[in-house]
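Source file my_file.cif; content: mmCIF, C-alpha atoms.
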```cif
data_work
#
loop_
_atom_site.label_atom_id
_atom_site.label_comp_id
_atom_site.auth_asym_id
_atom_site.auth_seq_id
_atom_site.Cartn_x
_atom_site.Cartn_y
_atom_site.Cartn_z
CA MET A 1 -13.00 -11.39 24.80
CA GLU A 2 -9.59 -12.70 25.72
CA LEU A 3 -6.82 -12.11 23.21
CA THR A 4 -4.73 -15.23 22.56
CA LEU A 5 -1.51 -15.64 20.60
CA SER A 6 -3.38 -17.13 17.64
CA ILE A 7 -5.54 -14.03 17.04
CA PRO A 8 -2.77 -11.57 16.04
CA ALA A 9 -1.01 -14.44 14.28
CA LEU A 10 -3.98 -14.56 11.90
CA LEU A 11 -2.85 -11.19 10.53
CA PHE A 12 0.51 -12.55 9.37
CA PRO A 13 -0.65 -14.28 6.15
CA ALA A 14 -3.11 -11.49 5.37
CA ILE A 15 -0.51 -8.76 5.71
CA SER A 16 2.11 -10.81 3.83
CA LEU A 17 -0.22 -11.32 0.86
CA THR A 18 -1.20 -7.66 0.95
CA MET A 19 2.48 -6.67 0.86
CA LEU A 20 3.05 -8.92 -2.16
CA ALA A 21 0.19 -7.23 -4.00
CA TYR A 22 1.48 -3.77 -3.07
CA ASN A 23 4.98 -4.69 -4.22
CA ALA A 24 3.63 -5.91 -7.57
CA ARG A 25 1.86 -2.56 -8.04
CA TYR A 26 5.01 -0.69 -7.14
CA LEU A 27 7.16 -2.67 -9.58
CA ALA A 28 4.64 -2.23 -12.41
CA ILE A 29 4.51 1.54 -11.92
CA ALA A 30 8.30 1.76 -11.60
CA ALA A 31 8.69 -0.05 -14.93
CA LEU A 32 6.14 2.25 -16.54
CA ILE A 33 7.95 5.33 -15.23
CA ARG A 34 11.23 4.05 -16.67
CA GLN A 35 9.58 3.57 -20.07
CA LEU A 36 7.97 7.00 -19.96
CA HIS A 37 11.25 8.59 -18.89
CA GLN A 38 12.97 7.16 -21.95
CA LYS A 39 10.15 8.43 -24.21
CA TYR A 40 10.30 11.82 -22.54
CA GLU A 41 14.04 12.11 -23.19
CA GLU A 42 13.38 11.35 -26.86
CA THR A 43 10.34 13.61 -27.36
CA SER A 44 10.15 16.09 -24.44
CA SER A 45 6.38 15.64 -24.59
CA PRO A 46 4.42 17.58 -21.95
CA ALA A 47 1.80 14.80 -21.97
CA ILE A 48 4.41 12.29 -20.87
CA ALA A 49 5.65 14.66 -18.18
CA LEU A 50 2.07 14.92 -16.87
CA GLN A 51 1.73 11.13 -16.82
CA VAL A 52 4.94 10.82 -14.83
CA LYS A 53 3.65 13.43 -12.37
CA LYS A 54 0.46 11.42 -11.83
CA LEU A 55 2.45 8.20 -11.47
CA ARG A 56 4.58 9.90 -8.82
CA LYS A 57 1.40 10.54 -6.82
CA ARG A 58 0.45 6.87 -7.13
CA LEU A 59 3.94 5.82 -6.02
CA THR A 60 3.59 8.00 -2.93
CA ILE A 61 0.26 6.36 -2.12
CA ILE A 62 1.76 2.89 -2.59
CA LYS A 63 4.70 3.81 -0.36
CA ASN A 64 2.24 4.87 2.36
CA MET A 65 0.20 1.68 1.83
CA GLN A 66 3.33 -0.39 2.36
CA ALA A 67 4.42 1.62 5.39
CA SER A 68 1.07 1.26 7.14
CA ALA A 69 0.94 -2.48 6.36
CA ILE A 70 4.47 -2.95 7.75
CA PHE A 71 3.48 -0.92 10.83
CA SER A 72 0.44 -3.16 11.29
CA PHE A 73 2.63 -6.25 10.99
CA LEU A 74 5.10 -4.89 13.55
CA LEU A 75 2.28 -4.08 15.97
CA ALA A 76 0.88 -7.60 15.58
CA VAL A 77 4.29 -8.99 16.60
CA ILE A 78 4.43 -6.60 19.56
CA THR A 79 0.91 -7.72 20.50
CA MET A 80 2.05 -11.34 20.58
CA THR A 81 4.96 -10.36 22.83
CA LEU A 82 2.62 -8.48 25.17
CA ILE A 83 0.28 -11.48 25.32
CA TYR A 84 3.24 -13.74 26.09
CA VAL A 85 4.34 -11.55 29.03
CA GLU A 86 0.68 -11.29 30.13
CA PHE A 87 0.14 -7.54 29.64
CA SER A 88 -3.45 -8.01 28.48
CA PHE A 89 -4.51 -4.36 28.53
CA TRP A 90 -1.55 -3.25 26.42
CA ALA A 91 -1.89 -6.25 24.12
CA ASN A 92 -5.51 -5.33 23.38
CA LEU A 93 -4.61 -1.69 22.82
CA VAL A 94 -1.68 -2.43 20.50
CA PHE A 95 -3.71 -5.01 18.58
CA GLY A 96 -6.46 -2.43 18.03
CA VAL A 97 -3.91 0.02 16.66
CA SER A 98 -2.54 -2.77 14.45
CA LEU A 99 -6.00 -3.32 12.99
CA LEU A 100 -6.41 0.43 12.42
CA ALA A 101 -3.08 0.57 10.58
CA LEU A 102 -4.20 -2.32 8.38
CA MET A 103 -7.47 -0.50 7.64
CA VAL A 104 -5.53 2.64 6.68
CA SER A 105 -3.41 0.56 4.33
CA LEU A 106 -6.50 -0.94 2.70
CA MET A 107 -8.19 2.46 2.35
CA LEU A 108 -5.06 3.84 0.66
CA SER A 109 -5.15 0.82 -1.62
CA LEU A 110 -8.73 1.70 -2.59
CA VAL A 111 -7.66 5.27 -3.41
CA GLU A 112 -4.77 3.99 -5.54
CA VAL A 113 -7.05 1.59 -7.42
CA GLN A 114 -9.45 4.46 -8.13
CA LEU A 115 -6.60 6.61 -9.50
CA SER A 116 -5.37 3.71 -11.61
CA THR A 117 -8.83 3.07 -13.01
CA LYS A 118 -9.32 6.75 -13.80
CA ALA A 119 -6.03 6.83 -15.71
CA LEU A 120 -7.03 3.78 -17.73
CA GLU A 121 -10.43 5.30 -18.54
CA ILE A 122 -8.71 8.44 -19.88
CA GLN A 123 -6.47 6.33 -22.11
CA LEU A 124 -9.43 4.26 -23.35
CA GLU A 125 -11.39 7.41 -24.19
CA ASP A 126 -8.38 8.76 -26.06
CA MET A 127 -8.18 5.54 -28.09
CA GLU A 128 -11.90 5.69 -28.95
CA ASN A 129 -11.67 9.25 -30.29
#
```
Written form, structure tokens:
Amino acid sequence: MELTLSIPALLFPAISLTMLAYNARYLAIAALIRQLHQKYEETSSPAIALQVKKLRKRLTIIKNMQASAIFSFLLAVITMTLIYVEFSFWANLVFGVSLLALMVSLMLSLVEVQLSTKALEIQLEDMEN
């Protein structure tokens, strides 16, 4: 299959929308951490400190999700440049790596969603008891 300029260009809207979703997650967790920090200063609750620790882990995952998505985006641009200068072998190789970086980003997103869901289940169980 011959790689044309339009193929890596298809990644642009997908990666852009993915980055918007990741940024929304990041901002929501950042706001939650700020709220919990204020509560912690008032109460010094170990439970709140534990929540912040778990949120820190999620922030790290989101940071890595964003980094791998940005890397994928950059590689897609490099692929288009390589296609333009007719370096087909390198264009195919770089595009493959771009797709792998996007897959890593999506797998990290799955892990973060699982952690988020687990945290919500714990809070729901606590409310039911």
With all atoms listed in the file counted, which protein, DNA or RNA residues have an atom no more than 12 Å from (-0.8, -11.4, 26.5) in the file frame? Please answer as a list in words.
->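 With a cut-off of 12 Å, the residues come to Glu2, Leu3, Thr4, Leu5, Ser6, Ile7, Pro8, Ala76, Val77, Ile78, Thr79, Met80, Thr81, Leu82, Ile83, Tyr84, Val85, Glu86, Phe87, Ser88, Phe89, Trp90, Ala91, Asn92, Leu93, Val94 and Phe95 of chain A.
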Carefully work through the PyMOL selection byres ((chain A and resi 16) around 12) for this structure and note down the residues it includes, as a list in words.
-> Ala9, Leu10, Leu11, Phe12, Pro13, Ala14, Ile15, Leu17, Thr18, Met19, Leu20, Ala21, Tyr22, Asn23, Gln66, Ala69, Ile70, Ser72, Phe73, Leu74 and Leu102 of chain A
Name all residues at most 10 Å from Asn64 of chain A (count all atoms listed in the file; drop same-chain ones fewer than 6 positions away) and give them as a short mmCIF file (atom, residue, chain, number, x, y, z; two decimals) with C-alpha atoms, in the frame of the given file.
```
data_model
loop_
_atom_site.label_atom_id
_atom_site.label_comp_id
_atom_site.auth_asym_id
_atom_site.auth_seq_id
_atom_site.Cartn_x
_atom_site.Cartn_y
_atom_site.Cartn_z
CA ARG A 58 0.45 6.87 -7.13
CA ILE A 70 4.47 -2.95 7.75
CA VAL A 104 -5.53 2.64 6.68
CA SER A 105 -3.41 0.56 4.33
CA LEU A 108 -5.06 3.84 0.66
CA SER A 109 -5.15 0.82 -1.62
#
```
How many Å separate atom CA of Ile61 of chain A from atom CA of Leu32 of chain A?
->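 We find that atom CA of Ile61 of chain A and atom CA of Leu32 of chain A lie 16.1 Å from each other.
Nearest-residue note for Leu36 of chain A: choosing from A:Ile48, A:Leu99, A:Ile122, A:Leu106, the minimum distance belongs to A:Ile48, counting all atoms listed in the file.
Going from atom CA of Thr117 of chain A over to atom CA of His37 of chain A, you cover 21.6 Å.
Distances here use only C-alpha atoms; by that measure, the residue among A:Leu75, A:Leu55, A:Val113, A:Leu120 closest to Ala101 of chain A is A:Leu75.
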Determine the nearest neighbour of Ser68 of chain A from the options A:Ala119, A:Ala28, A:Ser98, A:Leu124, counting all atoms listed in the file.
->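 Ranked by minimum distance to Ser68 of chain A, first place goes to A:Ser98.
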Kindly indicate which residue among A:Glu128, A:Met103, A:Ile62, A:Gln114 lies nearest to Ala24 of chain A, using only C-alpha atoms for the distances.
->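 With only C-alpha atoms as the atom set, the closest residue is A:Ile62.
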Nearest-residue call for Arg34 of chain A, choices A:Ala47, A:Met127, A:Val111, A:Val52, using all atoms listed in the file | A:Val52
If you measure from atom CA of Leu110 of chain A to atom CA of Thr60 of chain A, what distance in Å do you get, rounded to one decimal?
->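 These atoms are spaced 13.8 Å apart.
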